[in-house]
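The data block below is upload-v8.pdb; it holds PDB, C-alpha atoms, pLDDT in the B column.
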```pdb
ATOM      1  CA  GLN F   1      76.163 135.130 -90.101  1.00 86.00           C
ATOM      2  CA  VAL F   2      78.814 132.497 -90.741  1.00 93.00           C
ATOM      3  CA  GLN F   3      77.948 129.557 -92.972  1.00 96.00           C
ATOM      4  CA  LEU F   4      79.726 126.265 -92.334  1.00 97.00           C
ATOM      5  CA  VAL F   5      79.866 123.406 -94.815  1.00 95.00           C
ATOM      6  CA  GLU F   6      81.195 120.046 -93.653  1.00 95.00           C
ATOM      7  CA  SER F   7      82.493 117.166 -95.725  1.00 95.00           C
ATOM      8  CA  GLY F   8      84.390 113.927 -95.321  1.00 95.00           C
ATOM      9  CA  GLY F   9      82.091 111.755 -93.250  1.00 94.00           C
ATOM     10  CA  GLY F  10      81.305 108.175 -94.111  1.00 97.00           C
ATOM     11  CA  SER F  11      81.693 104.583 -93.023  1.00 97.00           C
ATOM     12  CA  VAL F  12      84.952 103.021 -91.917  1.00 98.00           C
ATOM     13  CA  GLN F  13      86.077  99.835 -90.209  1.00 98.00           C
ATOM     14  CA  PRO F  14      87.449  99.866 -86.661  1.00 98.00           C
ATOM     15  CA  GLY F  15      91.047 101.000 -86.653  1.00 98.00           C
ATOM     16  CA  GLY F  16      90.567 103.037 -89.786  1.00 98.00           C
ATOM     17  CA  SER F  17      90.891 106.750 -90.449  1.00 98.00           C
ATOM     18  CA  LEU F  18      88.770 109.578 -91.796  1.00 98.00           C
ATOM     19  CA  ARG F  19      89.375 113.263 -92.398  1.00 98.00           C
ATOM     20  CA  LEU F  20      86.628 115.825 -91.945  1.00 98.00           C
ATOM     21  CA  SER F  21      86.678 119.304 -93.436  1.00 98.00           C
ATOM     22  CA  CYS F  22      84.636 122.384 -92.605  1.00 98.00           C
ATOM     23  CA  ALA F  23      84.737 125.514 -94.725  1.00 97.00           C
ATOM     24  CA  ALA F  24      83.495 128.846 -93.369  1.00 96.00           C
ATOM     25  CA  SER F  25      82.019 131.609 -95.481  1.00 94.00           C
ATOM     26  CA  GLY F  26      79.924 134.725 -95.023  1.00 91.00           C
ATOM     27  CA  SER F  27      80.618 137.094 -92.120  1.00 85.00           C
ATOM     28  CA  ILE F  28      83.979 135.607 -91.167  1.00 87.00           C
ATOM     29  CA  VAL F  29      85.556 138.810 -89.860  1.00 87.00           C
ATOM     30  CA  GLY F  30      86.514 138.171 -86.263  1.00 89.00           C
ATOM     31  CA  LEU F  31      86.186 134.413 -86.618  1.00 92.00           C
ATOM     32  CA  ASN F  32      88.204 132.936 -83.762  1.00 94.00           C
ATOM     33  CA  PHE F  33      87.216 129.486 -82.508  1.00 95.00           C
ATOM     34  CA  MET F  34      86.568 126.705 -85.002  1.00 96.00           C
ATOM     35  CA  GLY F  35      86.056 123.137 -84.048  1.00 97.00           C
ATOM     36  CA  TRP F  36      84.079 119.948 -83.952  1.00 98.00           C
ATOM     37  CA  TYR F  37      81.436 118.508 -81.682  1.00 98.00           C
ATOM     38  CA  ARG F  38      79.691 115.183 -82.028  1.00 98.00           C
ATOM     39  CA  GLN F  39      76.465 113.538 -80.958  1.00 98.00           C
ATOM     40  CA  GLY F  40      76.212 109.776 -80.837  1.00 95.00           C
ATOM     41  CA  PRO F  41      73.013 107.737 -80.560  1.00 90.00           C
ATOM     42  CA  GLY F  42      71.334 108.506 -77.249  1.00 91.00           C
ATOM     43  CA  ASN F  43      74.127 110.843 -76.177  1.00 92.00           C
ATOM     44  CA  GLU F  44      74.437 114.557 -75.623  1.00 96.00           C
ATOM     45  CA  ARG F  45      76.525 116.671 -77.951  1.00 96.00           C
ATOM     46  CA  GLU F  46      80.148 116.686 -76.783  1.00 97.00           C
ATOM     47  CA  LEU F  47      83.345 118.493 -77.616  1.00 98.00           C
ATOM     48  CA  VAL F  48      85.705 116.716 -79.982  1.00 98.00           C
ATOM     49  CA  ALA F  49      88.308 119.374 -80.700  1.00 98.00           C
ATOM     50  CA  VAL F  50      88.617 123.129 -81.098  1.00 98.00           C
ATOM     51  CA  ILE F  51      91.310 125.413 -82.449  1.00 98.00           C
ATOM     52  CA  THR F  52      91.707 129.153 -82.110  1.00 96.00           C
ATOM     53  CA  ARG F  53      92.889 131.707 -84.618  1.00 94.00           C
ATOM     54  CA  GLY F  54      96.272 131.585 -82.913  1.00 94.00           C
ATOM     55  CA  GLY F  55      96.541 127.813 -83.205  1.00 95.00           C
ATOM     56  CA  SER F  56      95.761 126.809 -79.625  1.00 97.00           C
ATOM     57  CA  THR F  57      93.913 123.505 -79.450  1.00 98.00           C
ATOM     58  CA  ASN F  58      91.721 121.651 -77.004  1.00 98.00           C
ATOM     59  CA  TYR F  59      90.526 118.052 -77.302  1.00 98.00           C
ATOM     60  CA  GLY F  60      87.874 115.936 -75.668  1.00 97.00           C
ATOM     61  CA  ASP F  61      89.381 113.278 -73.407  1.00 97.00           C
ATOM     62  CA  SER F  62      88.074 110.388 -75.496  1.00 96.00           C
ATOM     63  CA  VAL F  63      89.903 111.491 -78.663  1.00 98.00           C
ATOM     64  CA  LYS F  64      93.230 112.707 -77.295  1.00 97.00           C
ATOM     65  CA  GLY F  65      96.119 111.033 -79.075  1.00 97.00           C
ATOM     66  CA  ARG F  66      93.905 109.780 -81.911  1.00 98.00           C
ATOM     67  CA  PHE F  67      92.402 112.905 -83.468  1.00 98.00           C
ATOM     68  CA  THR F  68      94.198 115.988 -84.735  1.00 98.00           C
ATOM     69  CA  ILE F  69      92.597 119.326 -85.526  1.00 98.00           C
ATOM     70  CA  SER F  70      94.207 121.791 -87.895  1.00 97.00           C
ATOM     71  CA  ARG F  71      93.240 124.991 -89.627  1.00 96.00           C
ATOM     72  CA  ASP F  72      94.009 126.712 -92.918  1.00 95.00           C
ATOM     73  CA  MET F  73      93.487 130.396 -92.249  1.00 92.00           C
ATOM     74  CA  ALA F  74      93.769 131.340 -95.931  1.00 93.00           C
ATOM     75  CA  LYS F  75      90.936 128.943 -96.827  1.00 94.00           C
ATOM     76  CA  ASN F  76      88.890 129.564 -93.656  1.00 94.00           C
ATOM     77  CA  THR F  77      88.783 125.799 -93.280  1.00 97.00           C
ATOM     78  CA  VAL F  78      89.252 123.524 -90.315  1.00 97.00           C
ATOM     79  CA  TYR F  79      90.176 119.855 -90.581  1.00 98.00           C
ATOM     80  CA  LEU F  80      89.794 116.908 -88.252  1.00 98.00           C
ATOM     81  CA  GLN F  81      92.081 113.950 -88.862  1.00 98.00           C
ATOM     82  CA  MET F  82      90.619 110.931 -87.082  1.00 98.00           C
ATOM     83  CA  ASN F  83      92.787 107.851 -86.605  1.00 98.00           C
ATOM     84  CA  SER F  84      92.308 104.565 -84.758  1.00 98.00           C
ATOM     85  CA  LEU F  85      88.561 104.912 -84.996  1.00 98.00           C
ATOM     86  CA  ASN F  86      86.358 102.658 -82.902  1.00 97.00           C
ATOM     87  CA  SER F  87      82.633 102.065 -82.599  1.00 96.00           C
ATOM     88  CA  GLU F  88      82.304 104.689 -79.875  1.00 96.00           C
ATOM     89  CA  ASP F  89      83.320 107.318 -82.405  1.00 97.00           C
ATOM     90  CA  THR F  90      80.128 106.661 -84.364  1.00 97.00           C
ATOM     91  CA  ALA F  91      78.205 109.930 -84.308  1.00 98.00           C
ATOM     92  CA  VAL F  92      77.062 112.937 -86.252  1.00 98.00           C
ATOM     93  CA  TYR F  93      79.945 115.395 -86.286  1.00 98.00           C
ATOM     94  CA  TYR F  94      79.093 119.087 -86.252  1.00 98.00           C
ATOM     95  CA  CYS F  95      81.378 121.932 -87.167  1.00 98.00           C
ATOM     96  CA  HIS F  96      81.162 124.945 -84.877  1.00 97.00           C
ATOM     97  CA  ALA F  97      82.605 128.413 -85.202  1.00 97.00           C
ATOM     98  CA  LYS F  98      82.540 131.426 -82.927  1.00 95.00           C
ATOM     99  CA  THR F  99      83.604 135.013 -83.414  1.00 93.00           C
ATOM    100  CA  ASP F 100      85.530 137.245 -81.026  1.00 92.00           C
ATOM    101  CA  TRP F 101      82.238 138.730 -79.822  1.00 90.00           C
ATOM    102  CA  GLY F 102      80.664 135.365 -79.077  1.00 89.00           C
ATOM    103  CA  VAL F 103      78.430 134.807 -82.086  1.00 89.00           C
ATOM    104  CA  GLY F 104      78.326 131.086 -82.849  1.00 93.00           C
ATOM    105  CA  SER F 105      77.343 129.068 -85.909  1.00 95.00           C
ATOM    106  CA  TRP F 106      76.805 125.374 -86.544  1.00 97.00           C
ATOM    107  CA  GLY F 107      77.154 123.239 -89.633  1.00 97.00           C
ATOM    108  CA  GLN F 108      74.503 120.784 -90.737  1.00 96.00           C
ATOM    109  CA  GLY F 109      76.448 117.768 -89.499  1.00 96.00           C
ATOM    110  CA  THR F 110      78.171 114.859 -91.191  1.00 97.00           C
ATOM    111  CA  GLN F 111      77.682 111.222 -90.241  1.00 97.00           C
ATOM    112  CA  VAL F 112      80.598 109.024 -89.211  1.00 98.00           C
ATOM    113  CA  ILE F 113      79.926 105.299 -88.819  1.00 98.00           C
ATOM    114  CA  VAL F 114      82.569 102.947 -87.475  1.00 98.00           C
ATOM    115  CA  SER F 115      81.558  99.360 -87.992  1.00 96.00           C
ATOM    116  CA  SER F 116      82.956  96.059 -89.164  1.00 94.00           C
TER     117      SER F 116
END
```

Please lay out the structure from this file as C-alpha cells.
Amino acid sequence: QVQLVESGGGSVQPGGSLRLSCAASGSIVGLNFMGWYRQGPGNERELVAVITRGGSTNYGDSVKGRFTISRDMAKNTVYLQMNSLNSEDTAVYYCHAKTDWGVGSWGQGTQVIVSS
C-alpha cells in the first residue's frame, strides 16, 4: 500500500499561484504514475496532470499552459505548480499514484479556493 500526503492548498486571489506537493511512502517499489485530480463543487473528479517515472506528462485541457507537474524521484514527491488561477480552479485536489501492476492509491485531498 502506498500512502500519499498532500500539502500546499489554500486560498488565493484570481490570477495568483499555488504549489501543491504530494509525498509517497510505504510500498513504493514499482511506483510509476503520479499525478493530480480535482473535484469541484457539483462536478465529477477530473484529471489535472499526471507524470510517469520516465518524465512523460499529460494535462487536462483546462489547465494546459497554466499548470506544471514535476517529480523528484529521490524524494518520491510530485509537485503541481498552478499559475493564473481562476475561480473554476476551485476544487479539492487529490494526489493519485499507480504502480506498474495497476495498484492505485489516493491522498486525502487538499482544498484550493480561488476567490477575490

- prompt: Which residues come within 7 Å of Val48 of chain F, counting only C-alpha atoms, excluding same-chain residues fewer than 4 positions away, as a VMD selection string?
  reply: chain F and resid 36 to 38 59 to 60 63

- request: Considering all atoms listed in the file, return as a ChimeraX atom specification whatever protein or nucleic-acid residues lie within 7 Å of Phe67 of chain F, sequence-local ones (same chain, fewer than 5 positions apart) excluded.
  value: /F:80-83

Run the PyMOL selection byres ((chain F and resi 89-105) around 8) mentally over the shown coordinates, then write out the matched residues as a PDB file with C-alpha atoms, in the frame of the given file, using the chain letters and numbers from the document.
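This is the output file out-v9.pdb:
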```
ATOM      1  CA  GLN F   1      76.163 135.130 -90.101  1.00 86.00           C
ATOM      2  CA  VAL F   2      78.814 132.497 -90.741  1.00 93.00           C
ATOM      3  CA  GLN F   3      77.948 129.557 -92.972  1.00 96.00           C
ATOM      4  CA  LEU F   4      79.726 126.265 -92.334  1.00 97.00           C
ATOM      5  CA  VAL F   5      79.866 123.406 -94.815  1.00 95.00           C
ATOM      6  CA  GLU F   6      81.195 120.046 -93.653  1.00 95.00           C
ATOM      7  CA  CYS F  22      84.636 122.384 -92.605  1.00 98.00           C
ATOM      8  CA  ILE F  28      83.979 135.607 -91.167  1.00 87.00           C
ATOM      9  CA  VAL F  29      85.556 138.810 -89.860  1.00 87.00           C
ATOM     10  CA  GLY F  30      86.514 138.171 -86.263  1.00 89.00           C
ATOM     11  CA  LEU F  31      86.186 134.413 -86.618  1.00 92.00           C
ATOM     12  CA  ASN F  32      88.204 132.936 -83.762  1.00 94.00           C
ATOM     13  CA  PHE F  33      87.216 129.486 -82.508  1.00 95.00           C
ATOM     14  CA  MET F  34      86.568 126.705 -85.002  1.00 96.00           C
ATOM     15  CA  GLY F  35      86.056 123.137 -84.048  1.00 97.00           C
ATOM     16  CA  TRP F  36      84.079 119.948 -83.952  1.00 98.00           C
ATOM     17  CA  TYR F  37      81.436 118.508 -81.682  1.00 98.00           C
ATOM     18  CA  ARG F  38      79.691 115.183 -82.028  1.00 98.00           C
ATOM     19  CA  GLN F  39      76.465 113.538 -80.958  1.00 98.00           C
ATOM     20  CA  GLY F  40      76.212 109.776 -80.837  1.00 95.00           C
ATOM     21  CA  PRO F  41      73.013 107.737 -80.560  1.00 90.00           C
ATOM     22  CA  LEU F  85      88.561 104.912 -84.996  1.00 98.00           C
ATOM     23  CA  ASN F  86      86.358 102.658 -82.902  1.00 97.00           C
ATOM     24  CA  SER F  87      82.633 102.065 -82.599  1.00 96.00           C
ATOM     25  CA  GLU F  88      82.304 104.689 -79.875  1.00 96.00           C
ATOM     26  CA  TRP F 106      76.805 125.374 -86.544  1.00 97.00           C
ATOM     27  CA  GLY F 107      77.154 123.239 -89.633  1.00 97.00           C
ATOM     28  CA  GLN F 108      74.503 120.784 -90.737  1.00 96.00           C
ATOM     29  CA  GLY F 109      76.448 117.768 -89.499  1.00 96.00           C
ATOM     30  CA  THR F 110      78.171 114.859 -91.191  1.00 97.00           C
ATOM     31  CA  GLN F 111      77.682 111.222 -90.241  1.00 97.00           C
ATOM     32  CA  VAL F 112      80.598 109.024 -89.211  1.00 98.00           C
ATOM     33  CA  ILE F 113      79.926 105.299 -88.819  1.00 98.00           C
ATOM     34  CA  VAL F 114      82.569 102.947 -87.475  1.00 98.00           C
TER      35      VAL F 114
END
```

query: Which residue out of F:Gly42, F:Ala23, F:Asp61, F:Ser56 has the minimum interatomic distance to Ala74 of chain F when only C-alpha atoms are used?
result: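 Under the stated criterion, the closest residue is F:Ala23.
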
Can you tell me, as a tab-separated table (two decimals) with C-alpha atoms, in the frame of the given file, which residues sit within 8 Å of (88.5, 122.9, -91.7) in the file's frame, using all atoms listed in the file?
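Produced file point-v4.tsv, reproduced below:
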```tsv
chain	number	residue	atom	x	y	z
F	20	LEU	CA	86.63	115.82	-91.94
F	21	SER	CA	86.68	119.30	-93.44
F	22	CYS	CA	84.64	122.38	-92.60
F	23	ALA	CA	84.74	125.51	-94.72
F	24	ALA	CA	83.50	128.85	-93.37
F	34	MET	CA	86.57	126.70	-85.00
F	70	SER	CA	94.21	121.79	-87.90
F	71	ARG	CA	93.24	124.99	-89.63
F	72	ASP	CA	94.01	126.71	-92.92
F	76	ASN	CA	88.89	129.56	-93.66
F	77	THR	CA	88.78	125.80	-93.28
F	78	VAL	CA	89.25	123.52	-90.32
F	79	TYR	CA	90.18	119.86	-90.58
F	80	LEU	CA	89.79	116.91	-88.25
```

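Going from atom CA of Gly65 of chain F over to atom CA of Ser11 of chain F, you cover 21.1 Å.
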
- request: Work out how far apart atom CA of Leu18 of chain F and atom CA of Arg45 of chain F are and give it in Å to one decimal.
  value: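 Pair atom CA of Leu18 of chain F / atom CA of Arg45 of chain F returns 19.8 Å.
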
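The two atoms in question, atom CA of Ser62 of chain F and atom CA of Gly10 of chain F, are spaced 19.9 Å apart.
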
Closest of F:Leu47, F:Ser84, F:Arg19, F:Thr52 to Ser7 of chain F - atom-to-atom distances counting all atoms listed in the file: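 For Ser7 of chain F, the nearest of the given residues is F:Arg19.
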